[in-house]
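Trainee: For reference, the structure I am asking about is given below.
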Amino acid sequence: MNQPLAYVHPGAKIAKNVVIEPFTTIHNNVIIGEGTWIGSNVTIMEGARIGKNCNIFPGAVISAIPQDLKFQDEDTTAEIGDNVTIREYVTVNRGTVDRGKTVIGNNCLIMAYCHIAHDCIVGNNCIFSNNSTLAGHCTVGDFVILAGMTAVHQFCTIGSHAFVTGGSLVRKDVPPFVKAAREPLSYVGINSIGLRRRGYDSDKIREIQNVYRILYQKSYNNSQAAQIIEAEMEATPERDEILQFIKNSKRGIMKGYFSN
């Protein structure tokens, strides 16, 4: 693609069938895969790695340096997978020395005005609605949905298949398979609609519900609940994923709505 009204640095590696619209700027040390469309007035800065068949809409800024005063111009990247749609005015900052990269997985939809800060790792098949923001060093699993204007505190982790309602402030880790809502952010059930859409049957959904009944509705602390879940419930990938998430949580998991 030769677009005379766009600037593409000679050092950028752009697949032949990439479409670059007018007034876009692509810096050195950028790689863009086949079939990707870059809209007008997009800025793609050093360290961007963009996969195949992506769509990046006007005003987006990809791989700007981190908004982190400790950043010392390390050689880092912002990596975007295949089949990702990035809507208007999204900003994705590249990593710092901490993780070395910011990552968005495959098949994600990042809606207008979202911000994904340095060193965030976002899984596959995620949807971030308008104005959602990840602070630095966040980790988001696969199939996560953030409704509009969700703000996630730095170093938080959100487990796979979680749904976070609009306008939420995420200060604690959100376990997998759950719905999170209210203020302060709390467990309000499992994401049964999302799980059914992804092929989980009624027995598997019931199993996940039973795990969270012990964790959130039986007045146990997290350590006690985890011991009971491990001792009394059959080992399955979903049970073990929840237990591992609780064990690995650095910020602590969000509480149930009726927890003290």
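Chains: A, B, ... in order of the structure tokens. Residues: from 1 per chain. Ligands: from 1, in order shown.
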Can you tell me, as a list in words, what residues are no more than 8 Å from A:Gly51 when counting only C-alpha atoms, ignoring any on the same chain fewer than 4 positions away?
Mentor: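 Within the cut-off, the hits are Ile32, Gly33, Glu34, Thr36, Ile80, Gly81, Asp82 and Asn83 of chain A.
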Trainee: Please dump the current selection as a PDB file, in the first residue's frame; keep N, CA and C atoms.
Mentor:
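As written to disk, part29.pdb reads:
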ATOM      1  N   ILE A  32       3.664  -4.649  11.058  1.00  0.00           N
ATOM      2  CA  ILE A  32       2.215  -4.763  10.863  1.00  0.00           C
ATOM      3  C   ILE A  32       1.941  -5.925   9.914  1.00  0.00           C
ATOM      4  N   GLY A  33       1.051  -6.834  10.342  1.00  0.00           N
ATOM      5  CA  GLY A  33       0.790  -8.051   9.594  1.00  0.00           C
ATOM      6  C   GLY A  33      -0.225  -7.890   8.476  1.00  0.00           C
ATOM      7  N   GLU A  34      -0.381  -8.939   7.703  1.00  0.00           N
ATOM      8  CA  GLU A  34      -1.215  -8.948   6.503  1.00  0.00           C
ATOM      9  C   GLU A  34      -2.680  -8.645   6.808  1.00  0.00           C
ATOM     10  N   THR A  36      -4.282  -5.974   7.556  1.00  0.00           N
ATOM     11  CA  THR A  36      -4.654  -4.968   8.563  1.00  0.00           C
ATOM     12  C   THR A  36      -4.999  -3.643   7.880  1.00  0.00           C
ATOM     13  N   ILE A  80       0.021  -6.453  19.614  1.00  0.00           N
ATOM     14  CA  ILE A  80      -1.410  -6.638  19.363  1.00  0.00           C
ATOM     15  C   ILE A  80      -1.566  -7.863  18.466  1.00  0.00           C
ATOM     16  N   GLY A  81      -2.458  -8.777  18.855  1.00  0.00           N
ATOM     17  CA  GLY A  81      -2.624 -10.026  18.128  1.00  0.00           C
ATOM     18  C   GLY A  81      -3.381  -9.873  16.829  1.00  0.00           C
ATOM     19  N   ASP A  82      -3.905 -10.987  16.320  1.00  0.00           N
ATOM     20  CA  ASP A  82      -4.641 -11.013  15.068  1.00  0.00           C
ATOM     21  C   ASP A  82      -6.122 -10.707  15.298  1.00  0.00           C
ATOM     22  N   ASN A  83      -6.765 -10.156  14.275  1.00  0.00           N
ATOM     23  CA  ASN A  83      -8.219  -9.941  14.274  1.00  0.00           C
ATOM     24  C   ASN A  83      -8.674  -9.043  15.423  1.00  0.00           C
TER      25      ASN A  83
END
Trainee: Give me, as a PyMOL selection string, the residues of stretch 45-164 of chain A that a backbone DSSP run labels strand (DSSP E).
Mentor: chain A and resi 48-50+55-56+61-64+77-80+85-86+91-93+101-104+109-110+115-116+121-122+127-128+133-134+139-140+145-146+151-152+157-158+163-164
Trainee: What's the separation between atom CA of A:Pro176 and atom CA of A:Ala231, in Å to one decimal place?
Mentor: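 Taking atom CA of A:Pro176 and atom CA of A:Ala231, their separation equals 20.1 Å.
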Trainee: Check the DSSP output for the backbone and give back, as number ranges by chain, the residues of stretch 149-239 of chain A in alpha helix (DSSP H).
Mentor: A: 192-197, 202-217, 222-232, 237-239
Trainee: Between atom CA of A:Gly199 and atom CA of A:Ile242, what is the distance in Å, rounded to a tenth?
Mentor: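 Computed distance, atom CA of A:Gly199 to atom CA of A:Ile242, equals 18.6 Å.
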Trainee: Could you give me, as JSON, numbers by chain, the residues within 6 Å of A:Thr77, counting only C-alpha atoms and dropping anything in the same chain fewer than 2 positions from it?
Mentor: {"A": [47, 48, 94, 95, 101]}
Trainee: Might you pull out every residue within 10 Å of A:Val144, with only C-alpha atoms counted and same-chain residues fewer than 3 positions away left off, and present them as number ranges by chain?
Mentor: A: 108, 122-128, 140-141, 147, 158-164, 176-178, 194
Trainee: Any chance you could export the current selection's N, CA and C atoms as a CSV table (one decimal), in the first residue's frame?
Mentor:
chain,number,residue,atom,x,y,z
A,108,CYS,N,-9.8,-9.4,19.9
A,108,CYS,CA,-10.3,-8.5,20.9
A,108,CYS,C,-11.0,-7.3,20.2
A,122,VAL,N,-3.4,-8.5,28.2
A,122,VAL,CA,-4.8,-8.8,27.9
A,122,VAL,C,-4.9,-10.0,27.1
A,123,GLY,N,-5.8,-10.9,27.5
A,123,GLY,CA,-6.0,-12.2,26.8
A,123,GLY,C,-6.7,-12.1,25.5
A,124,ASN,N,-7.2,-13.3,25.0
A,124,ASN,CA,-7.9,-13.4,23.8
A,124,ASN,C,-9.4,-13.1,24.0
A,125,ASN,N,-10.1,-12.7,22.9
A,125,ASN,CA,-11.5,-12.6,22.8
A,125,ASN,C,-12.1,-11.7,23.9
A,126,CYS,N,-11.4,-10.6,24.3
A,126,CYS,CA,-11.9,-9.7,25.3
A,126,CYS,C,-12.6,-8.5,24.6
A,127,ILE,N,-13.6,-7.9,25.3
A,127,ILE,CA,-14.3,-6.7,24.9
A,127,ILE,C,-14.2,-5.7,26.0
A,128,PHE,N,-13.6,-4.5,25.6
A,128,PHE,CA,-13.6,-3.4,26.5
A,128,PHE,C,-14.5,-2.3,25.9
A,140,VAL,N,-5.4,-9.4,32.4
A,140,VAL,CA,-6.8,-9.7,32.1
A,140,VAL,C,-6.8,-11.0,31.3
A,141,GLY,N,-7.6,-11.9,31.8
A,141,GLY,CA,-7.7,-13.2,31.1
A,141,GLY,C,-8.5,-13.2,29.9
A,147,ALA,N,-17.6,-3.4,30.9
A,147,ALA,CA,-18.6,-2.5,30.4
A,147,ALA,C,-18.0,-1.1,30.5
A,158,ILE,N,-7.8,-9.7,36.4
A,158,ILE,CA,-9.2,-10.1,36.2
A,158,ILE,C,-9.2,-11.4,35.5
A,159,GLY,N,-9.9,-12.4,36.1
A,159,GLY,CA,-9.8,-13.8,35.6
A,159,GLY,C,-10.7,-14.0,34.4
A,160,SER,N,-10.4,-15.1,33.7
A,160,SER,CA,-11.1,-15.4,32.4
A,160,SER,C,-12.6,-15.4,32.6
A,161,HIS,N,-13.3,-15.0,31.6
A,161,HIS,CA,-14.8,-15.1,31.5
A,161,HIS,C,-15.5,-14.2,32.5
A,162,ALA,N,-14.8,-13.3,33.1
A,162,ALA,CA,-15.4,-12.4,34.1
A,162,ALA,C,-16.1,-11.2,33.3
A,163,PHE,N,-17.2,-10.7,33.9
A,163,PHE,CA,-17.9,-9.6,33.4
A,163,PHE,C,-17.9,-8.5,34.5
A,164,VAL,N,-17.5,-7.3,34.1
A,164,VAL,CA,-17.4,-6.2,35.1
A,164,VAL,C,-18.4,-5.1,34.6
A,176,PRO,N,-12.1,-15.6,38.1
A,176,PRO,CA,-12.7,-16.0,36.8
A,176,PRO,C,-14.1,-16.4,36.9
A,177,PHE,N,-14.9,-16.3,35.8
A,177,PHE,CA,-16.2,-16.8,35.7
A,177,PHE,C,-17.3,-16.0,36.4
A,178,VAL,N,-17.0,-14.8,37.0
A,178,VAL,CA,-17.9,-14.1,37.8
A,178,VAL,C,-18.5,-12.9,37.2
A,194,GLY,N,-22.7,-15.4,29.7
A,194,GLY,CA,-21.4,-15.5,28.9
A,194,GLY,C,-20.9,-17.0,28.8
Trainee: Would you kindly return, as an MDAnalysis selection string, each protein, DNA or RNA residue with an atom no farther than 10 Å from any atom of A:Ser168, considering only C-alpha atoms and excluding same-chain residues fewer than 6 positions away?
Mentor: chainID A and resid 132 146:152 180:186
Trainee: So how many Å separate atom CA of A:Glu21 and atom CA of A:His118, to one decimal?
Mentor: 26.8 Å
Trainee: Go through A:Val18, A:Lys70, A:Phe57, A:Gly136 and flag the residue nearest A:Met111, using only C-alpha atoms for the distances.
Mentor: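 Among the listed residues, the smallest separation from A:Met111 belongs to A:Phe57.
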Trainee: For each of A:Ile116, A:Ala6, A:Ile121, A:Ile14, take the minimum atom-to-atom distance to A:Asp142, counting only C-alpha atoms, then give the residue where this is smallest.
Mentor: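 Closest candidate: A:Ile121.
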Trainee: Have a look at A:Leu215, A:Val84, A:Ile44, A:Val61 and name the one nearest to A:Tyr113; count only C-alpha atoms.
Mentor: A:Val61
Trainee: Give the answer as one residue: which of A:Thr102, A:Ser40, A:Ser192, A:Thr76 has the shortest atom-to-atom distance to A:Asn55, using only C-alpha atoms?
Mentor: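 Under the stated criterion, the closest residue is A:Ser40.
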Trainee: Could you tell me which of A:Thr165, A:Asn131, A:Asn221, A:Arg198 comes closest to A:Phe143 if we count only C-alpha atoms?
Mentor: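 That would be A:Arg198, the residue with the smallest distance to A:Phe143.
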Trainee: Between A:Leu109, A:Cys156, A:Ile20, A:Val103, single out the one closest to A:Asn248, counting only C-alpha atoms.
Mentor: A:Cys156
